[in-house]
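Structure first, then comments.
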Amino acid sequence: MLMIPTLIGITIMVFAISRIAPGDPVSLSMGPGGQMDAERAADVREARMKLYGLDQPVPVQYAKWFIRVVRFDFGDSLKHHRPVIDIIKDRFPITLTLNLIAFFLIYMISLPMGVLAAVKHRRFFDRASSVLLFMLWALPSMWVGQMMIGYLCGPAFLNWFPPAGLSSNNAEILPFFPWLVDRLWHLTLPVLCLTYGGFAYLTKQVRAGMLENLRADYVRTARSKGLSNWTVVIKHAFRNSVIPVITIMATLIPAMLGGSVIIEQIFSIPGMGMLAFEAVTTRDYNVVMAVATIGGLLNLAGLLFGDIAYAMVDPRISFEDAD
Amino acid sequence: MNRRSALYSAVIVLLLLVVIVLQILSMIQSDRLYERLNRIAGISKPQKTEARVKEGIKNEYPGDDGDWLIWCINSEPSNFNPITSSDAVANYVVSGNIFETLIEYNEDTFEHKPLLAKSFAISEDGLQIDFILRDDITFSDGHPVTADDVIFSYNTIINPGVDALSYANYLQDVDHVVKMNDRHVRFIMKRVYFRSLSICGGIPVIPEHIYRFSSPDEFNKRISNPVGSGPYIFEKWEVGREIIIRKNLDYWGKMPNVDKIIFRVITNDAAAVQALRAGQVDFIKQPSPELFSEMSQNRDFTEKFHCLSYWHPGVGYFWIGWNQDRPFFRDKRVRQAMTHILDRENIIKHILKNPEAMIPTGNFYIHGPQYDSAIIPWPYDPERAKQLLDEAGWVDTNGNGIRDKDGVEFRFKYQIVGGTSIHEQMAKLVKDAAAKVGIEVEIDPYEWSVFINRVYDRKFDAVNLATVGGLAGDPYQTWHSSQIGNRGSNYVGFNVAEADKLMEEARVTIDDEKRNKLYHQFHRILHEEQPHTFIYTRPGEAFLSKRFENVKMHLLGINHFEWYVPKENQRYR
């Protein structure tokens, strides 16, 4: 239940930061070197401020904003003159698709890798995988993205992937299946960029959890009962090692939304990340606030989901006991 | 046990290998699919427009009809309301293509020429401007364009609730607009101003029957589906991806050749060039200077693409402004010295890498009639600079290697926009050059929106900025002494009485030739005073697929209406 005050806290912070930060949409839209007389510039500026509702003191602006948001009205974008919520409706599914695929891939690859690394503790696979994963983790996705566009997306080297966007020219006239393939083809590189850095962390977590459990007494007991190695690893040790991994899931979601800002900008994908970037550079306050609020909400939802999943997997944890 | 886990790992490795192979196969497959897709794109998509082609219509631009132009834009346009949108990208889409103005410039002579108006006239006293509309003009929905639409457009812009306040500011000199009859509009001006004709004639004419509104907010929210009188019709806007406009087959005027223009959003410069090379886009306007110089030296690239480097009045110029409130820059000798220490030829050669860039000596468009080309730029001469600084009394009295005067050390902050590599390289060059003559420079980078606020408030010592040009720009706002402070545009604090007088006189001189003479004099003062060090002016740059022919350079730049693709090279239909 601490969630609601936290969320309000987040919005106040973002609101305050966005208003205190130098620069404002009015100066930006007027531009420097414009042909405007000094005596008029001030008037125009004032009128504009009023039009955007920026002439009131910040706390009043916040109160107004808050009252609107409670009714799920995020206001209009100052740049696009469109309700912010419509813009987000256009863009959110794109980011979500991107991140869910990446998320799924990270788990699909990291879990078996971690288990295997623990089983092969200090053997070749363990060492090799950890070196490889940390190398991947250390590569900045901004650079990798640019390299991929440079080397995989043009006739100069390998012309395998499209360098930008989500679908080909005229893709909307294709039947569903080829359309899907086209979409996936466009998503490959961005997803790859979002994914590769996530392996190291998760694999290490799984591996550490597994190692701890493999050394535990109950595993030895299970083995001495004559159960096969496979059964011991999967049924006994793995199930118990999954617990921390679930909590990590909750923290990975916001991190990926953050990564999305960069990836979307590099691959020209019109998702939430690009929207956020654009809104911040043009000081489109309503959009910034909406993105931050929704981001915060997702974050908290992630944490809540983590807690619930935790209780489900581990019978030792229950919410009643906490009191 | 050991053997089991070995088996297990073998299985995993095998699975991974299978995944990799599948991935490669799927990539090959999608490559094929893409080829097919491009072909499909070529044949399907029924074009009912073709059946509507009018018999006997004379296509006035030479060349074959057909094909699409895929135009790469680097950001999402704000909206397609020609009155409330102010970004360049939205302007590419709507202005000229969808909306038209009463008059335009002749692209080869800089003179006004009729467009929606068949004739125009300014009264003797310069206070009345008459426009007579053509009889055959219609909006794309078939409604005729009338005087009422022109007046409606004007009234919309000046409506204080409409988000077009900076635009409305240009129209401040208009007292009111009179409808003489259905085809005749008269603008009554409050005062004489030489730009009145181009300002009034430059209003985008919007159809009243479509844009009529009851509250200004309703108008502000009209962001898409623009309807105008131009040669193209708006087809669709897929947010974040593309905007499609198609030829208006009932267009009243000179019909362009290209059937459709697709504006594709690619936010990453390098990706845009890759998309161009892969044939997914055809045209990139203003790629980054680094990319332009790199690609125009690549033979493979130049075989398939035009690397256009073209002069047009919008090029503007790039300058360093010296804030004259600061003790060091008050003396014009110091400002001249600052210009002398900079090797501008070298900047153009090694940083810009565009051999066509030039060093301007004043604020006007370098190939325009207001610019006095007889003035020669100050040379690169550090010795002369030292001499000038000595004369101005800036000498190193305390022996610390930095010049000083009256206890003030010659040490200043040089404000730039962070993250732009050309500006950063140049800033280092300035720092270096200044150090050689005993001046210490600290580079001071800011994010853009912070940067311009500091410029407005004149909170800088020296600033590095570009000014957007215009054909008949008025120097008044940037250089008149009344424009210092109060967020006026005279950021550097230039204040010369003689220049003020010249500018005031020029503003009310309607005759072009007389006015240009005054501007030549003004230009000379600017050169002498060096309130800015004018660094360079560079032509516009663009990449265009060589599929397109008849690509000409005019005095006003390039014009995509006249481009065409020969039948045998056409790709889309």
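In the structure tokens, each chain is lettered A, B, ... as it comes, each chain's residues begin at 1, and ligands are numbered from 1 in order of appearance.
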Requested in this report: Write out as a ChimeraX atom specification each polymer residue whose atoms come within 7 Å of range 109-112 of chain A, counting only C-alpha atoms; drop sequence neighbours fewer than 4 positions from it.
Outcome: /A:105,116,199,202-203,206
Requested write-out: N, CA and C atoms of the selected residues, as a short mmCIF file (atom, residue, chain, number, x, y, z; two decimals), in the first residue's frame:
```
data_model
loop_
_atom_site.label_atom_id
_atom_site.label_comp_id
_atom_site.auth_asym_id
_atom_site.auth_seq_id
_atom_site.Cartn_x
_atom_site.Cartn_y
_atom_site.Cartn_z
N LEU A 105 13.69 -13.91 -24.45
CA LEU A 105 14.95 -14.48 -24.95
C LEU A 105 15.98 -14.53 -23.83
N LEU A 116 23.69 -24.87 -16.34
CA LEU A 116 24.79 -25.66 -16.89
C LEU A 116 26.12 -25.21 -16.32
N PHE A 199 22.18 -11.12 -20.51
CA PHE A 199 22.54 -12.51 -20.19
C PHE A 199 23.42 -12.63 -18.96
N LEU A 202 21.86 -12.28 -15.33
CA LEU A 202 20.90 -13.32 -14.96
C LEU A 202 21.60 -14.67 -14.84
N THR A 203 22.48 -14.95 -15.78
CA THR A 203 23.18 -16.24 -15.74
C THR A 203 23.97 -16.38 -14.45
N VAL A 206 21.63 -17.13 -11.56
CA VAL A 206 21.17 -18.52 -11.57
C VAL A 206 22.29 -19.44 -11.12
#
```
Write out as a PDB file with C-alpha atoms, in the first residue's frame which residues come within 10 Å of Phe451 in chain B when counting only C-alpha atoms, dropping same-chain ones fewer than 2 positions away.
```
ATOM      1  CA  PRO A  22      16.479  25.379 -17.661  1.00  0.00           C
ATOM      2  CA  GLY A  23      14.822  25.757 -21.036  1.00  0.00           C
TER       3      GLY A  23
ATOM      4  CA  GLN B 415      29.649  28.862 -25.145  1.00  0.00           C
ATOM      5  CA  ILE B 416      28.756  26.070 -27.557  1.00  0.00           C
ATOM      6  CA  VAL B 417      26.068  23.451 -28.023  1.00  0.00           C
ATOM      7  CA  GLY B 418      27.413  20.251 -26.551  1.00  0.00           C
ATOM      8  CA  ASP B 444      31.480  25.958 -22.136  1.00  0.00           C
ATOM      9  CA  PRO B 445      29.075  23.396 -23.628  1.00  0.00           C
ATOM     10  CA  TYR B 446      25.313  23.352 -22.973  1.00  0.00           C
ATOM     11  CA  GLU B 447      22.300  21.370 -24.036  1.00  0.00           C
ATOM     12  CA  TRP B 448      20.352  23.181 -26.744  1.00  0.00           C
ATOM     13  CA  SER B 449      17.331  24.429 -24.814  1.00  0.00           C
ATOM     14  CA  ASN B 453      17.940  30.616 -22.993  1.00  0.00           C
ATOM     15  CA  ARG B 454      21.411  31.762 -22.017  1.00  0.00           C
ATOM     16  CA  VAL B 455      21.716  33.442 -25.396  1.00  0.00           C
ATOM     17  CA  TYR B 456      18.367  35.218 -24.996  1.00  0.00           C
ATOM     18  CA  LYS B 459      24.561  35.406 -20.301  1.00  0.00           C
ATOM     19  CA  PHE B 460      27.649  34.583 -22.327  1.00  0.00           C
ATOM     20  CA  VAL B 463      28.905  32.286 -28.298  1.00  0.00           C
ATOM     21  CA  LEU B 465      25.729  29.969 -33.233  1.00  0.00           C
TER      22      LEU B 465
END
```
**Report entry** Distance in Å - CA of Glu76 in chain B versus CA of Thr282 in chain A
**Finding:** 12.0 Å
Query raised in the report: Could you list, as a PyMOL selection string, every residue of chain B that has an atom within 7 Å of an atom of chain A, counting only C-alpha atoms?
Result: chain B and resi 1+27+30-31+41+78-79+165-166+220-221+223+240-241+266-268+271+274-275+277-278+449-450+452-453+467+477-478+483+486-489
Output for the residues just chosen: N, CA and C atoms as a JSON list (two decimals), in the first residue's frame:
```
[["chain", "number", "residue", "atom", "x", "y", "z"],
["B", 1, "MET", "N", 27.84, -40.60, -14.28],
["B", 1, "MET", "CA", 27.33, -39.26, -14.07],
["B", 1, "MET", "C", 28.02, -38.26, -15.00],
["B", 27, "MET", "N", 17.18, -15.72, -42.00],
["B", 27, "MET", "CA", 17.63, -14.45, -42.55],
["B", 27, "MET", "C", 17.67, -14.51, -44.06],
["B", 30, "SER", "N", 14.21, -14.34, -45.24],
["B", 30, "SER", "CA", 13.57, -13.02, -45.21],
["B", 30, "SER", "C", 14.16, -12.11, -46.26],
["B", 31, "ASP", "N", 15.42, -12.36, -46.60],
["B", 31, "ASP", "CA", 16.03, -11.59, -47.67],
["B", 31, "ASP", "C", 15.25, -11.82, -48.96],
["B", 41, "ALA", "N", 5.07, -5.00, -53.91],
["B", 41, "ALA", "CA", 4.77, -3.59, -53.69],
["B", 41, "ALA", "C", 4.63, -2.87, -55.02],
["B", 78, "SER", "N", 5.64, 17.71, -36.11],
["B", 78, "SER", "CA", 4.75, 18.02, -34.99],
["B", 78, "SER", "C", 3.30, 17.83, -35.40],
["B", 79, "ASN", "N", 2.89, 18.44, -36.49],
["B", 79, "ASN", "CA", 1.54, 18.26, -37.00],
["B", 79, "ASN", "C", 1.45, 18.86, -38.39],
["B", 165, "LEU", "N", 1.52, 32.29, -32.38],
["B", 165, "LEU", "CA", 1.81, 33.65, -31.94],
["B", 165, "LEU", "C", 3.04, 34.26, -32.60],
["B", 166, "SER", "N", 4.07, 33.43, -32.84],
["B", 166, "SER", "CA", 5.24, 34.05, -33.46],
["B", 166, "SER", "C", 4.95, 34.36, -34.92],
["B", 220, "ASN", "N", -6.53, 24.45, -33.02],
["B", 220, "ASN", "CA", -5.22, 23.93, -32.62],
["B", 220, "ASN", "C", -5.19, 22.41, -32.69],
["B", 221, "LYS", "N", -6.32, 21.79, -32.45],
["B", 221, "LYS", "CA", -6.36, 20.33, -32.44],
["B", 221, "LYS", "C", -6.53, 19.73, -33.83],
["B", 223, "ILE", "N", -4.89, 18.62, -36.43],
["B", 223, "ILE", "CA", -3.47, 18.41, -36.67],
["B", 223, "ILE", "C", -3.19, 17.62, -37.93],
["B", 240, "GLY", "N", 5.17, 8.10, -36.47],
["B", 240, "GLY", "CA", 6.48, 7.54, -36.18],
["B", 240, "GLY", "C", 7.07, 6.78, -37.35],
["B", 241, "ARG", "N", 6.32, 6.60, -38.42],
["B", 241, "ARG", "CA", 6.82, 5.78, -39.51],
["B", 241, "ARG", "C", 6.85, 6.55, -40.83],
["B", 266, "ILE", "N", 13.44, 8.34, -40.21],
["B", 266, "ILE", "CA", 14.60, 7.57, -39.75],
["B", 266, "ILE", "C", 15.41, 8.51, -38.87],
["B", 267, "THR", "N", 15.47, 8.19, -37.59],
["B", 267, "THR", "CA", 16.06, 9.15, -36.65],
["B", 267, "THR", "C", 17.58, 9.08, -36.61],
["B", 268, "ASN", "N", 18.12, 8.00, -37.14],
["B", 268, "ASN", "CA", 19.56, 7.79, -37.03],
["B", 268, "ASN", "C", 20.20, 8.07, -38.40],
["B", 271, "ALA", "N", 21.86, 5.16, -40.21],
["B", 271, "ALA", "CA", 20.85, 4.23, -40.69],
["B", 271, "ALA", "C", 20.16, 4.78, -41.93],
["B", 274, "GLN", "N", 22.30, 4.06, -44.84],
["B", 274, "GLN", "CA", 22.21, 2.63, -45.16],
["B", 274, "GLN", "C", 20.91, 2.34, -45.89],
["B", 275, "ALA", "N", 19.83, 2.94, -45.42],
["B", 275, "ALA", "CA", 18.54, 2.72, -46.07],
["B", 275, "ALA", "C", 18.56, 3.24, -47.50],
["B", 277, "ARG", "N", 21.25, 3.39, -49.41],
["B", 277, "ARG", "CA", 22.06, 2.48, -50.21],
["B", 277, "ARG", "C", 21.33, 1.19, -50.49],
["B", 278, "ALA", "N", 20.45, 0.80, -49.57],
["B", 278, "ALA", "CA", 19.70, -0.43, -49.78],
["B", 278, "ALA", "C", 18.45, -0.17, -50.62],
["B", 449, "SER", "N", 18.36, 23.54, -25.34],
["B", 449, "SER", "CA", 17.33, 24.43, -24.81],
["B", 449, "SER", "C", 17.88, 25.32, -23.70],
["B", 450, "VAL", "N", 18.90, 24.85, -23.01],
["B", 450, "VAL", "CA", 19.54, 25.69, -22.00],
["B", 450, "VAL", "C", 20.37, 26.76, -22.71],
["B", 452, "ILE", "N", 20.00, 28.16, -25.65],
["B", 452, "ILE", "CA", 19.34, 29.33, -26.24],
["B", 452, "ILE", "C", 18.78, 30.27, -25.18],
["B", 453, "ASN", "N", 18.40, 29.71, -24.04],
["B", 453, "ASN", "CA", 17.94, 30.62, -22.99],
["B", 453, "ASN", "C", 19.07, 31.51, -22.50],
["B", 467, "THR", "N", 22.92, 31.31, -37.86],
["B", 467, "THR", "CA", 21.71, 32.06, -38.13],
["B", 467, "THR", "C", 21.09, 31.51, -39.39],
["B", 477, "GLN", "N", 16.12, 43.28, -36.61],
["B", 477, "GLN", "CA", 15.94, 42.56, -35.34],
["B", 477, "GLN", "C", 17.25, 42.08, -34.74],
["B", 478, "THR", "N", 18.20, 41.79, -35.59],
["B", 478, "THR", "CA", 19.46, 41.27, -35.07],
["B", 478, "THR", "C", 20.46, 42.37, -34.75],
["B", 483, "GLN", "N", 17.15, 46.56, -30.06],
["B", 483, "GLN", "CA", 16.87, 45.14, -29.87],
["B", 483, "GLN", "C", 17.82, 44.48, -28.87],
["B", 486, "ASN", "N", 16.01, 42.47, -23.11],
["B", 486, "ASN", "CA", 14.57, 42.21, -23.18],
["B", 486, "ASN", "C", 14.27, 41.03, -24.11],
["B", 487, "ARG", "N", 15.17, 40.13, -24.22],
["B", 487, "ARG", "CA", 15.07, 38.96, -25.09],
["B", 487, "ARG", "C", 14.97, 39.30, -26.57],
["B", 488, "GLY", "N", 15.43, 40.47, -26.94],
["B", 488, "GLY", "CA", 15.51, 40.81, -28.36],
["B", 488, "GLY", "C", 16.66, 40.04, -28.99],
["B", 489, "SER", "N", 16.73, 40.10, -30.32],
["B", 489, "SER", "CA", 17.70, 39.24, -31.00],
["B", 489, "SER", "C", 19.09, 39.84, -31.15]]
```
Report task. Would you mind listing what lies within 12 Å of Ile157 in chain B as a PyMOL selection string, with only C-alpha atoms counted and same-chain residues fewer than 2 positions away left out? Result -> chain B and resi 81-85+150-155+159-172+174+200+203-206+216+219-220
Keeping C-alpha atoms, export the residues of the selection given above as a PDB file, in the first residue's frame.
```
ATOM      1  CA  ASN B  81      -1.676  22.241 -39.676  1.00  0.00           C
ATOM      2  CA  PRO B  82       0.265  24.810 -41.738  1.00  0.00           C
ATOM      3  CA  ILE B  83      -0.497  27.570 -39.268  1.00  0.00           C
ATOM      4  CA  THR B  84       0.346  25.952 -35.942  1.00  0.00           C
ATOM      5  CA  SER B  85       3.264  23.740 -36.952  1.00  0.00           C
ATOM      6  CA  VAL B 150      -7.467  34.276 -47.854  1.00  0.00           C
ATOM      7  CA  ILE B 151      -9.115  36.477 -45.238  1.00  0.00           C
ATOM      8  CA  PHE B 152     -10.024  33.453 -43.140  1.00  0.00           C
ATOM      9  CA  SER B 153      -6.382  32.326 -43.204  1.00  0.00           C
ATOM     10  CA  TYR B 154      -5.237  35.757 -42.099  1.00  0.00           C
ATOM     11  CA  ASN B 155      -7.822  35.977 -39.303  1.00  0.00           C
ATOM     12  CA  ASN B 159      -6.438  34.916 -33.491  1.00  0.00           C
ATOM     13  CA  PRO B 160      -4.735  35.100 -30.077  1.00  0.00           C
ATOM     14  CA  GLY B 161      -6.028  31.677 -29.046  1.00  0.00           C
ATOM     15  CA  VAL B 162      -4.468  29.968 -32.036  1.00  0.00           C
ATOM     16  CA  ASP B 163      -1.011  28.595 -31.312  1.00  0.00           C
ATOM     17  CA  ALA B 164       0.682  30.699 -33.986  1.00  0.00           C
ATOM     18  CA  LEU B 165       1.814  33.653 -31.941  1.00  0.00           C
ATOM     19  CA  SER B 166       5.240  34.046 -33.460  1.00  0.00           C
ATOM     20  CA  TYR B 167       3.700  33.807 -36.898  1.00  0.00           C
ATOM     21  CA  ALA B 168       1.075  36.393 -35.952  1.00  0.00           C
ATOM     22  CA  ASN B 169       3.901  38.685 -34.941  1.00  0.00           C
ATOM     23  CA  TYR B 170       5.010  38.993 -38.560  1.00  0.00           C
ATOM     24  CA  LEU B 171       1.561  40.249 -39.436  1.00  0.00           C
ATOM     25  CA  GLN B 172       1.569  42.973 -36.790  1.00  0.00           C
ATOM     26  CA  VAL B 174      -1.203  44.686 -41.146  1.00  0.00           C
ATOM     27  CA  CYS B 200       1.212  39.042 -46.828  1.00  0.00           C
ATOM     28  CA  ILE B 203       0.351  33.327 -45.925  1.00  0.00           C
ATOM     29  CA  PRO B 204      -0.609  29.699 -46.576  1.00  0.00           C
ATOM     30  CA  VAL B 205      -4.171  29.758 -47.888  1.00  0.00           C
ATOM     31  CA  ILE B 206      -6.399  27.268 -46.064  1.00  0.00           C
ATOM     32  CA  PRO B 216      -9.391  28.403 -31.201  1.00  0.00           C
ATOM     33  CA  PHE B 219      -8.395  24.735 -34.571  1.00  0.00           C
ATOM     34  CA  ASN B 220      -5.222  23.926 -32.619  1.00  0.00           C
TER      35      ASN B 220
END
```
